[in-house]
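Text of my_file.pdb, listed as PDB, C-alpha atoms:
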```pdb
MODEL        1
ATOM      1  CA  MET A 237     109.832 116.031 130.384  1.00  0.00           C
ATOM      2  CA  THR A 238     111.119 112.634 129.277  1.00  0.00           C
ATOM      3  CA  LYS A 239     113.467 111.067 131.793  1.00  0.00           C
ATOM      4  CA  LYS A 240     116.871 110.204 130.373  1.00  0.00           C
ATOM      5  CA  LYS A 241     117.862 106.554 130.230  1.00  0.00           C
ATOM      6  CA  THR A 242     121.234 105.230 131.330  1.00  0.00           C
ATOM      7  CA  TYR A 243     122.970 102.691 129.120  1.00  0.00           C
ATOM      8  CA  ALA A 244     125.334 100.108 130.592  1.00  0.00           C
ATOM      9  CA  VAL A 245     127.943  98.476 128.346  1.00  0.00           C
ATOM     10  CA  ALA A 246     129.425  95.294 129.812  1.00  0.00           C
ATOM     11  CA  CYS A 247     131.293  94.228 126.678  1.00  0.00           C
ATOM     12  CA  GLY A 248     132.298  96.722 124.007  1.00  0.00           C
ATOM     13  CA  ARG A 249     135.015  99.125 122.937  1.00  0.00           C
ATOM     14  CA  LYS A 250     134.646 100.950 126.263  1.00  0.00           C
ATOM     15  CA  ILE A 251     133.024  99.457 129.364  1.00  0.00           C
ATOM     16  CA  GLY A 252     130.847 101.666 131.560  1.00  0.00           C
ATOM     17  CA  LEU A 253     127.722 103.821 131.817  1.00  0.00           C
ATOM     18  CA  PHE A 254     126.512 106.260 129.163  1.00  0.00           C
ATOM     19  CA  THR A 255     123.728 108.829 129.340  1.00  0.00           C
ATOM     20  CA  SER A 256     122.841 108.850 125.644  1.00  0.00           C
ATOM     21  CA  TRP A 257     122.246 106.115 123.081  1.00  0.00           C
ATOM     22  CA  PRO A 258     124.684 107.579 120.488  1.00  0.00           C
ATOM     23  CA  GLU A 259     127.487 107.365 123.076  1.00  0.00           C
ATOM     24  CA  ALA A 260     126.586 103.774 123.958  1.00  0.00           C
ATOM     25  CA  GLU A 261     126.041 102.783 120.338  1.00  0.00           C
ATOM     26  CA  ALA A 262     129.560 103.927 119.458  1.00  0.00           C
ATOM     27  CA  GLN A 263     130.904 101.314 121.902  1.00  0.00           C
ATOM     28  CA  VAL A 264     128.850  98.361 120.638  1.00  0.00           C
ATOM     29  CA  LYS A 265     128.018  98.891 116.970  1.00  0.00           C
ATOM     30  CA  GLY A 266     130.173  96.589 114.857  1.00  0.00           C
ATOM     31  CA  PHE A 267     131.657  94.961 117.975  1.00  0.00           C
ATOM     32  CA  ALA A 268     131.027  91.203 117.785  1.00  0.00           C
ATOM     33  CA  GLY A 269     129.708  89.835 121.072  1.00  0.00           C
ATOM     34  CA  ALA A 270     128.836  93.250 122.488  1.00  0.00           C
ATOM     35  CA  ARG A 271     126.710  93.200 125.645  1.00  0.00           C
ATOM     36  CA  PHE A 272     124.695  96.208 126.765  1.00  0.00           C
ATOM     37  CA  LYS A 273     121.355  97.254 128.244  1.00  0.00           C
ATOM     38  CA  GLY A 274     119.296 100.389 128.846  1.00  0.00           C
ATOM     39  CA  PHE A 275     117.879 101.312 132.260  1.00  0.00           C
ATOM     40  CA  ALA A 276     115.445 103.877 133.623  1.00  0.00           C
ATOM     41  CA  SER A 277     117.864 104.836 136.416  1.00  0.00           C
ATOM     42  CA  ARG A 278     121.609 105.044 136.914  1.00  0.00           C
ATOM     43  CA  LEU A 279     121.332 102.906 140.046  1.00  0.00           C
ATOM     44  CA  GLU A 280     119.784 100.026 138.117  1.00  0.00           C
ATOM     45  CA  ALA A 281     122.441 100.345 135.430  1.00  0.00           C
ATOM     46  CA  GLU A 282     125.252 100.291 137.993  1.00  0.00           C
ATOM     47  CA  GLY A 283     123.771  97.205 139.644  1.00  0.00           C
ATOM     48  CA  TRP A 284     123.528  95.322 136.351  1.00  0.00           C
ATOM     49  CA  LEU A 285     127.064  96.268 135.331  1.00  0.00           C
ATOM     50  CA  GLN A 286     128.427  95.159 138.703  1.00  0.00           C
ATOM     51  CA  GLU A 287     126.563  91.857 138.397  1.00  0.00           C
ATOM     52  CA  GLN A 288     128.108  91.282 134.980  1.00  0.00           C
ATOM     53  CA  SER A 289     131.618  92.029 136.269  1.00  0.00           C
ATOM     54  CA  GLN A 290     131.175  89.626 139.205  1.00  0.00           C
ATOM     55  CA  GLY A 291     130.107  86.708 137.078  1.00  0.00           C
ATOM     56  CA  GLY A 292     126.352  87.216 136.893  1.00  0.00           C
ATOM     57  CA  GLY A 293     126.840  87.411 133.144  1.00  0.00           C
ATOM     58  CA  ARG A 294     129.752  86.583 130.871  1.00  0.00           C
ATOM     59  CA  ALA A 295     133.186  87.989 131.676  1.00  0.00           C
ATOM     60  CA  VAL A 296     133.061  91.746 131.155  1.00  0.00           C
ATOM     61  CA  ASN A 297     136.275  92.193 129.227  1.00  0.00           C
ATOM     62  CA  SER A 298     136.048  89.130 127.054  1.00  0.00           C
ATOM     63  CA  ARG A 299     133.816  88.022 124.222  1.00  0.00           C
ATOM     64  CA  PRO A 300     132.032  84.666 124.359  1.00  0.00           C
ATOM     65  CA  VAL A 301     134.400  81.723 124.571  1.00  0.00           C
ATOM     66  CA  ARG A 302     133.379  78.273 125.837  1.00  0.00           C
ATOM     67  CA  GLN A 303     129.680  78.459 126.710  1.00  0.00           C
ATOM     68  CA  LYS A 304     129.141  74.824 127.620  1.00  0.00           C
ATOM     69  CA  PRO A 305     131.973  72.458 128.505  1.00  0.00           C
ATOM     70  CA  ILE A 306     132.174  69.207 126.607  1.00  0.00           C
ATOM     71  CA  PRO A 307     134.648  66.408 127.238  1.00  0.00           C
ATOM     72  CA  ARG A 308     138.118  67.176 125.924  1.00  0.00           C
ATOM     73  CA  ARG A 309     140.068  64.631 123.980  1.00  0.00           C
ATOM     74  CA  ALA A 310     143.764  64.095 123.592  1.00  0.00           C
ATOM     75  CA  PRO A 311     145.321  65.778 120.534  1.00  0.00           C
ATOM     76  CA  GLN A 312     144.922  63.433 117.597  1.00  0.00           C
ATOM     77  CA  ALA A 313     147.591  62.395 115.181  1.00  0.00           C
ATOM     78  CA  THR A 314     147.594  64.487 112.046  1.00  0.00           C
ATOM     79  CA  THR A 315     147.808  63.135 108.542  1.00  0.00           C
ATOM     80  CA  GLU A 316     151.171  63.117 106.809  1.00  0.00           C
ATOM     81  CA  HIS A 317     150.088  66.195 104.849  1.00  0.00           C
ATOM     82  CA  GLU A 318     149.000  68.040 108.015  1.00  0.00           C
ATOM     83  CA  SER A 319     152.232  67.101 109.781  1.00  0.00           C
ATOM     84  CA  THR A 320     154.197  68.636 106.934  1.00  0.00           C
ATOM     85  CA  GLU A 321     152.089  71.795 107.052  1.00  0.00           C
ATOM     86  CA  GLU A 322     152.340  72.010 110.844  1.00  0.00           C
ATOM     87  CA  SER A 323     156.118  71.845 110.691  1.00  0.00           C
ATOM     88  CA  ARG A 324     155.976  75.129 108.765  1.00  0.00           C
ATOM     89  CA  GLY A 325     153.675  76.970 111.163  1.00  0.00           C
ATOM     90  CA  ILE A 326     150.325  76.971 112.927  1.00  0.00           C
ATOM     91  CA  LEU A 327     147.160  75.166 111.812  1.00  0.00           C
ATOM     92  CA  ILE A 328     143.674  76.508 112.562  1.00  0.00           C
ATOM     93  CA  TYR A 329     140.467  74.548 112.032  1.00  0.00           C
ATOM     94  CA  THR A 330     137.102  76.297 112.326  1.00  0.00           C
ATOM     95  CA  ASP A 331     133.402  75.526 112.068  1.00  0.00           C
ATOM     96  CA  GLY A 332     130.134  77.193 112.925  1.00  0.00           C
ATOM     97  CA  GLY A 333     126.413  76.881 112.461  1.00  0.00           C
ATOM     98  CA  CYS A 334     123.034  77.558 113.950  1.00  0.00           C
ATOM     99  CA  SER A 335     119.665  75.942 114.411  1.00  0.00           C
ATOM    100  CA  GLY A 336     117.087  77.582 112.163  1.00  0.00           C
ATOM    101  CA  ASN A 337     119.344  80.048 110.297  1.00  0.00           C
ATOM    102  CA  PRO A 338     118.658  82.483 111.837  1.00  0.00           C
ATOM    103  CA  GLY A 339     118.493  80.881 115.237  1.00  0.00           C
ATOM    104  CA  PRO A 340     120.671  79.964 118.218  1.00  0.00           C
ATOM    105  CA  GLY A 341     124.188  79.436 116.928  1.00  0.00           C
ATOM    106  CA  GLY A 342     127.650  78.340 117.937  1.00  0.00           C
ATOM    107  CA  TYR A 343     131.208  78.272 116.669  1.00  0.00           C
ATOM    108  CA  GLY A 344     134.265  76.179 117.374  1.00  0.00           C
ATOM    109  CA  ALA A 345     137.948  76.549 116.559  1.00  0.00           C
ATOM    110  CA  ILE A 346     141.087  74.525 117.187  1.00  0.00           C
ATOM    111  CA  ILE A 347     144.563  75.987 117.041  1.00  0.00           C
ATOM    112  CA  ARG A 348     147.222  73.328 116.586  1.00  0.00           C
ATOM    113  CA  ASP A 349     150.817  74.308 117.210  1.00  0.00           C
ATOM    114  CA  GLN A 350     153.691  71.852 117.530  1.00  0.00           C
ATOM    115  CA  GLY A 351     151.440  68.992 118.580  1.00  0.00           C
ATOM    116  CA  GLN A 352     149.509  71.041 121.154  1.00  0.00           C
ATOM    117  CA  GLU A 353     145.892  72.074 120.695  1.00  0.00           C
ATOM    118  CA  LYS A 354     143.853  74.980 121.999  1.00  0.00           C
ATOM    119  CA  GLU A 355     140.074  74.858 121.699  1.00  0.00           C
ATOM    120  CA  LEU A 356     137.797  77.900 121.489  1.00  0.00           C
ATOM    121  CA  SER A 357     134.024  78.022 121.272  1.00  0.00           C
ATOM    122  CA  GLY A 358     131.063  80.279 121.922  1.00  0.00           C
ATOM    123  CA  GLY A 359     127.585  81.086 120.768  1.00  0.00           C
ATOM    124  CA  PHE A 360     124.768  83.601 120.429  1.00  0.00           C
ATOM    125  CA  ARG A 361     121.032  83.439 120.982  1.00  0.00           C
ATOM    126  CA  LEU A 362     120.089  84.625 117.467  1.00  0.00           C
ATOM    127  CA  THR A 363     122.502  84.573 114.552  1.00  0.00           C
ATOM    128  CA  THR A 364     123.213  82.892 111.203  1.00  0.00           C
ATOM    129  CA  ASN A 365     125.325  80.030 109.878  1.00  0.00           C
ATOM    130  CA  ASN A 366     127.641  82.370 107.997  1.00  0.00           C
ATOM    131  CA  ARG A 367     128.193  84.614 111.021  1.00  0.00           C
ATOM    132  CA  MET A 368     129.163  81.613 113.122  1.00  0.00           C
ATOM    133  CA  GLU A 369     131.566  80.350 110.446  1.00  0.00           C
ATOM    134  CA  MET A 370     133.137  83.799 110.478  1.00  0.00           C
ATOM    135  CA  MET A 371     133.094  84.088 114.265  1.00  0.00           C
ATOM    136  CA  ALA A 372     135.083  80.861 114.543  1.00  0.00           C
ATOM    137  CA  CYS A 373     137.793  82.482 112.419  1.00  0.00           C
ATOM    138  CA  VAL A 374     137.621  85.705 114.431  1.00  0.00           C
ATOM    139  CA  ALA A 375     137.988  83.882 117.754  1.00  0.00           C
ATOM    140  CA  ALA A 376     141.050  81.973 116.563  1.00  0.00           C
ATOM    141  CA  LEU A 377     142.688  84.978 114.924  1.00  0.00           C
ATOM    142  CA  ARG A 378     142.167  87.190 117.989  1.00  0.00           C
ATOM    143  CA  SER A 379     144.183  84.715 120.026  1.00  0.00           C
ATOM    144  CA  LEU A 380     147.055  84.875 117.514  1.00  0.00           C
ATOM    145  CA  LYS A 381     147.440  88.652 117.348  1.00  0.00           C
ATOM    146  CA  GLY A 382     151.043  89.571 116.775  1.00  0.00           C
ATOM    147  CA  CYS A 383     152.007  86.080 115.623  1.00  0.00           C
ATOM    148  CA  ALA A 384     155.018  86.151 113.318  1.00  0.00           C
ATOM    149  CA  ARG A 385     154.766  82.531 112.149  1.00  0.00           C
ATOM    150  CA  SER A 386     152.976  81.177 109.095  1.00  0.00           C
ATOM    151  CA  ILE A 387     149.337  80.198 109.628  1.00  0.00           C
ATOM    152  CA  ILE A 388     147.022  77.964 107.620  1.00  0.00           C
ATOM    153  CA  LEU A 389     143.322  78.331 108.416  1.00  0.00           C
ATOM    154  CA  TYR A 390     140.987  75.519 107.341  1.00  0.00           C
ATOM    155  CA  SER A 391     137.264  76.220 107.010  1.00  0.00           C
ATOM    156  CA  ASP A 392     134.450  74.205 105.442  1.00  0.00           C
ATOM    157  CA  SER A 393     132.699  77.469 104.518  1.00  0.00           C
ATOM    158  CA  SER A 394     133.088  78.390 100.855  1.00  0.00           C
ATOM    159  CA  TYR A 395     131.606  81.777 101.760  1.00  0.00           C
ATOM    160  CA  VAL A 396     134.523  82.522 104.088  1.00  0.00           C
ATOM    161  CA  VAL A 397     137.330  81.022 102.028  1.00  0.00           C
ATOM    162  CA  ASN A 398     136.225  82.493  98.690  1.00  0.00           C
ATOM    163  CA  ALA A 399     135.574  85.942 100.149  1.00  0.00           C
ATOM    164  CA  ILE A 400     139.198  86.080 101.327  1.00  0.00           C
ATOM    165  CA  ASN A 401     141.000  84.204  98.560  1.00  0.00           C
ATOM    166  CA  LYS A 402     139.069  85.793  95.691  1.00  0.00           C
ATOM    167  CA  GLY A 403     139.257  89.269  97.168  1.00  0.00           C
ATOM    168  CA  TRP A 404     135.508  89.721  97.554  1.00  0.00           C
ATOM    169  CA  ALA A 405     135.708  90.984 101.137  1.00  0.00           C
ATOM    170  CA  ARG A 406     138.309  93.643 100.319  1.00  0.00           C
ATOM    171  CA  SER A 407     136.224  94.775  97.337  1.00  0.00           C
ATOM    172  CA  TRP A 408     133.151  95.099  99.545  1.00  0.00           C
ATOM    173  CA  GLN A 409     135.223  97.080 102.030  1.00  0.00           C
ATOM    174  CA  ARG A 410     136.546  99.456  99.347  1.00  0.00           C
ATOM    175  CA  ARG A 411     132.999 100.109  98.140  1.00  0.00           C
ATOM    176  CA  GLY A 412     131.750 100.881 101.636  1.00  0.00           C
ATOM    177  CA  TRP A 413     130.356  97.375 102.165  1.00  0.00           C
ATOM    178  CA  VAL A 414     128.411  97.341  98.937  1.00  0.00           C
ATOM    179  CA  LYS A 415     128.636  94.412  96.519  1.00  0.00           C
ATOM    180  CA  SER A 416     129.146  94.644  92.767  1.00  0.00           C
ATOM    181  CA  ASP A 417     125.382  94.232  92.265  1.00  0.00           C
ATOM    182  CA  HIS A 418     124.904  97.361  94.427  1.00  0.00           C
ATOM    183  CA  LYS A 419     123.306  95.360  97.243  1.00  0.00           C
ATOM    184  CA  PRO A 420     124.651  95.689 100.809  1.00  0.00           C
ATOM    185  CA  ALA A 421     127.329  93.186 101.780  1.00  0.00           C
ATOM    186  CA  LEU A 422     126.204  91.110 104.747  1.00  0.00           C
ATOM    187  CA  ASN A 423     128.146  90.846 108.006  1.00  0.00           C
ATOM    188  CA  PRO A 424     130.359  93.923 107.516  1.00  0.00           C
ATOM    189  CA  ASP A 425     131.251  94.022 111.218  1.00  0.00           C
ATOM    190  CA  LEU A 426     132.845  90.573 111.110  1.00  0.00           C
ATOM    191  CA  TRP A 427     134.453  91.051 107.693  1.00  0.00           C
ATOM    192  CA  GLN A 428     136.009  94.292 108.916  1.00  0.00           C
ATOM    193  CA  GLU A 429     137.497  92.543 111.925  1.00  0.00           C
ATOM    194  CA  ILE A 430     138.747  89.563 109.922  1.00  0.00           C
ATOM    195  CA  LEU A 431     140.476  91.846 107.413  1.00  0.00           C
ATOM    196  CA  GLU A 432     142.093  93.829 110.240  1.00  0.00           C
ATOM    197  CA  LEU A 433     143.236  90.664 112.003  1.00  0.00           C
ATOM    198  CA  ILE A 434     144.797  89.022 108.941  1.00  0.00           C
ATOM    199  CA  ALA A 435     146.452  92.190 107.588  1.00  0.00           C
ATOM    200  CA  PRO A 436     149.716  91.759 109.561  1.00  0.00           C
ATOM    201  CA  LEU A 437     149.744  87.953 109.400  1.00  0.00           C
ATOM    202  CA  SER A 438     151.294  85.446 107.049  1.00  0.00           C
ATOM    203  CA  ILE A 439     148.123  83.427 106.590  1.00  0.00           C
ATOM    204  CA  GLU A 440     146.498  81.193 103.998  1.00  0.00           C
ATOM    205  CA  PHE A 441     142.810  80.223 103.944  1.00  0.00           C
ATOM    206  CA  ARG A 442     141.975  76.724 102.708  1.00  0.00           C
ATOM    207  CA  TRP A 443     138.634  75.011 102.187  1.00  0.00           C
ATOM    208  CA  VAL A 444     138.109  71.569 103.729  1.00  0.00           C
ATOM    209  CA  LYS A 445     135.082  69.384 103.078  1.00  0.00           C
ATOM    210  CA  GLY A 446     132.851  69.267 106.150  1.00  0.00           C
ATOM    211  CA  HIS A 447     131.640  66.050 107.784  1.00  0.00           C
ATOM    212  CA  SER A 448     134.090  63.992 105.751  1.00  0.00           C
ATOM    213  CA  GLY A 449     135.965  62.314 108.584  1.00  0.00           C
ATOM    214  CA  ASN A 450     138.635  64.941 109.248  1.00  0.00           C
ATOM    215  CA  PRO A 451     139.053  64.686 113.058  1.00  0.00           C
ATOM    216  CA  LEU A 452     139.826  68.363 113.639  1.00  0.00           C
ATOM    217  CA  ASN A 453     136.930  69.554 111.503  1.00  0.00           C
ATOM    218  CA  GLU A 454     134.613  67.103 113.259  1.00  0.00           C
ATOM    219  CA  ARG A 455     135.796  68.318 116.657  1.00  0.00           C
ATOM    220  CA  CYS A 456     135.112  71.931 115.692  1.00  0.00           C
ATOM    221  CA  ASP A 457     131.593  70.894 114.718  1.00  0.00           C
ATOM    222  CA  GLN A 458     131.118  69.267 118.135  1.00  0.00           C
ATOM    223  CA  LEU A 459     132.307  72.424 119.872  1.00  0.00           C
ATOM    224  CA  ALA A 460     129.973  74.594 117.796  1.00  0.00           C
ATOM    225  CA  VAL A 461     126.917  72.389 118.371  1.00  0.00           C
ATOM    226  CA  ALA A 462     127.550  72.186 122.124  1.00  0.00           C
ATOM    227  CA  ALA A 463     127.968  75.972 122.380  1.00  0.00           C
ATOM    228  CA  SER A 464     124.743  76.624 120.452  1.00  0.00           C
ATOM    229  CA  LYS A 465     122.757  74.628 123.021  1.00  0.00           C
ATOM    230  CA  ASP A 466     123.728  76.751 126.006  1.00  0.00           C
ATOM    231  CA  ILE A 467     120.615  78.187 127.667  1.00  0.00           C
ATOM    232  CA  HIS A 468     122.270  81.512 128.549  1.00  0.00           C
ATOM    233  CA  LEU A 469     123.570  82.608 125.163  1.00  0.00           C
ATOM    234  CA  PRO A 470     124.349  86.332 124.811  1.00  0.00           C
ATOM    235  CA  PRO A 471     122.984  88.478 121.978  1.00  0.00           C
ATOM    236  CA  ASP A 472     124.820  88.837 118.695  1.00  0.00           C
ATOM    237  CA  ALA A 473     124.303  92.582 119.061  1.00  0.00           C
ATOM    238  CA  PRO A 474     125.251  93.753 115.535  1.00  0.00           C
ATOM    239  CA  TYR A 475     123.010  91.109 113.956  1.00  0.00           C
ATOM    240  CA  GLU A 476     120.048  91.810 116.238  1.00  0.00           C
ATOM    241  CA  LEU A 477     120.408  95.544 115.643  1.00  0.00           C
ATOM    242  CA  HIS A 478     120.462  94.856 111.891  1.00  0.00           C
ATOM    243  CA  LYS A 479     117.278  92.762 112.195  1.00  0.00           C
ATOM    244  CA  SER A 480     115.530  95.353 114.368  1.00  0.00           C
ATOM    245  CA  GLN A 481     116.068  97.948 111.645  1.00  0.00           C
ATOM    246  CA  GLY A 482     114.080  95.775 109.272  1.00  0.00           C
ATOM    247  CA  ALA A 483     117.074  94.770 107.141  1.00  0.00           C
ATOM    248  CA  ASP A 484     117.271  91.393 105.483  1.00  0.00           C
TER
ENDMDL
END
```

Any chance you could put this one into structure tokens?
Amino acid sequence: MTKKKTYAVACGRKIGLFTSWPEAEAQVKGFAGARFKGFASRLEAEGWLQEQSQGGGRAVNSRPVRQKPIPRRAPQATTEHESTEESRGILIYTDGGCSGNPGPGGYGAIIRDQGQEKELSGGFRLTTNNRMEMMACVAALRSLKGCARSIILYSDSSYVVNAINKGWARSWQRRGWVKSDHKPALNPDLWQEILELIAPLSIEFRWVKGHSGNPLNERCDQLAVAASKDIHLPPDAPYELHKSQGAD
């Protein structure tokens, strides 16, 4: 008789131990930054979960934020155009990338509100450039849940900006994450979350040219690069599951 495994979920929809993979999978599939592991015994699973909750891993109830600290800088003066935009609401700058594509990746985001800045960053051990560009948006938007003010999100990813502004992402969603050419849409887990996060917001996505001297875009790049170099990066569970199933 095959001995049942115990699955521990340290970061997912529900945290805890599960005695079957379908139960555990329901907590982590499509959940960006999920963290879980299978064990031969319940005792081992409990020990690992306790270690995660006490700081042996990343914080149990949070998804990856700053993986590797880098020197902060004082908020920089915005351009006249940015100052005008900021007076109307909140500015978000995002960037992401990885080494190898796929490879170790990181993302960075800056939320600027009334002259104050909040920096967010994180990374994964195996991911893609596009997923990190999207994850930067997700991280920023999660922190602004329930915001009633106008938001402008700047990204140097045409993939992200066009998918939102041209309605591609919503079309993929309506078709069950299938594109007009009948091929599967990539990154449905992150697109689903982005669409859910922006639904109640007054938000505009704008493209900004990368590596062109914009201080906030350059800072996001620094945050992303630093995060990608952390030696203890967690798995990008949905992506690794996708790869393990032999998908492109």

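Checking A:Ala462, A:Val396, A:Ile388, A:Cys247 one by one against A:Ser438, counting only C-alpha atoms, you find the shortest gap at A:Ile388.
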
| said: If I take atom CA of A:Gly333 and atom CA of A:Arg442, how far is one from the other in Å, to one decimal? | reply: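 Between atom CA of A:Gly333 and atom CA of A:Arg442 the gap works out to 18.4 Å.
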
| said: For the PyMOL selection byres ((chain A and resi 429) around 10), applied here, can you spell out every residue it catches as a ChimeraX atom specification? | reply: /A:266-268,370-371,374,377-378,424-428,430-435

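Picture a line from atom CA of A:Gln352 to atom CA of A:Ile326; it runs 10.2 Å.
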
| Which one of A:Ile387, A:Val264, A:Ile346, A:Ile439 sits closest to A:Ile400 if you count all atoms listed in the file? | A:Ile439

| request: Check what the PyMOL selection byres ((chain A and resi 475) around 9) selects in the file above and give those residues as a PyMOL selection string. | output: chain A and resi 268+362-364+367+423+471-474+476-480

Output file for the residues above (C-alpha atoms, as a tab-separated table (two decimals), in the coordinates of the input):
```
chain	number	residue	atom	x	y	z
A	268	ALA	CA	131.03	91.20	117.78
A	362	LEU	CA	120.09	84.62	117.47
A	363	THR	CA	122.50	84.57	114.55
A	364	THR	CA	123.21	82.89	111.20
A	367	ARG	CA	128.19	84.61	111.02
A	423	ASN	CA	128.15	90.85	108.01
A	471	PRO	CA	122.98	88.48	121.98
A	472	ASP	CA	124.82	88.84	118.70
A	473	ALA	CA	124.30	92.58	119.06
A	474	PRO	CA	125.25	93.75	115.54
A	476	GLU	CA	120.05	91.81	116.24
A	477	LEU	CA	120.41	95.54	115.64
A	478	HIS	CA	120.46	94.86	111.89
A	479	LYS	CA	117.28	92.76	112.20
A	480	SER	CA	115.53	95.35	114.37
```

| Got a sec: who's within 10 Å of A:Pro420, counting only C-alpha atoms, leaving out chain neighbours fewer than 4 positions off, as a PyMOL selection string? | chain A and resi 408+411-416+424+483-484

| query | What do you get, as a ChimeraX atom specification, if you spell out every residue that the PyMOL selection byres ((chain A and resi 466-468) around 8) selects here? | reply | /A:303-304,359,361,462-465,469-470

| message | Report, in Å with one decimal, the straight-line distance from atom CA of A:Ser386 to atom CA of A:Arg348. | response |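 Atom CA of A:Arg348 lies 12.3 Å from atom CA of A:Ser386.
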
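The nearest approach to A:Asp349 among the residues A:Ala375, A:Asn366, A:Leu380, A:Asn398, with all atoms listed in the file taken into account, belongs to A:Leu380.
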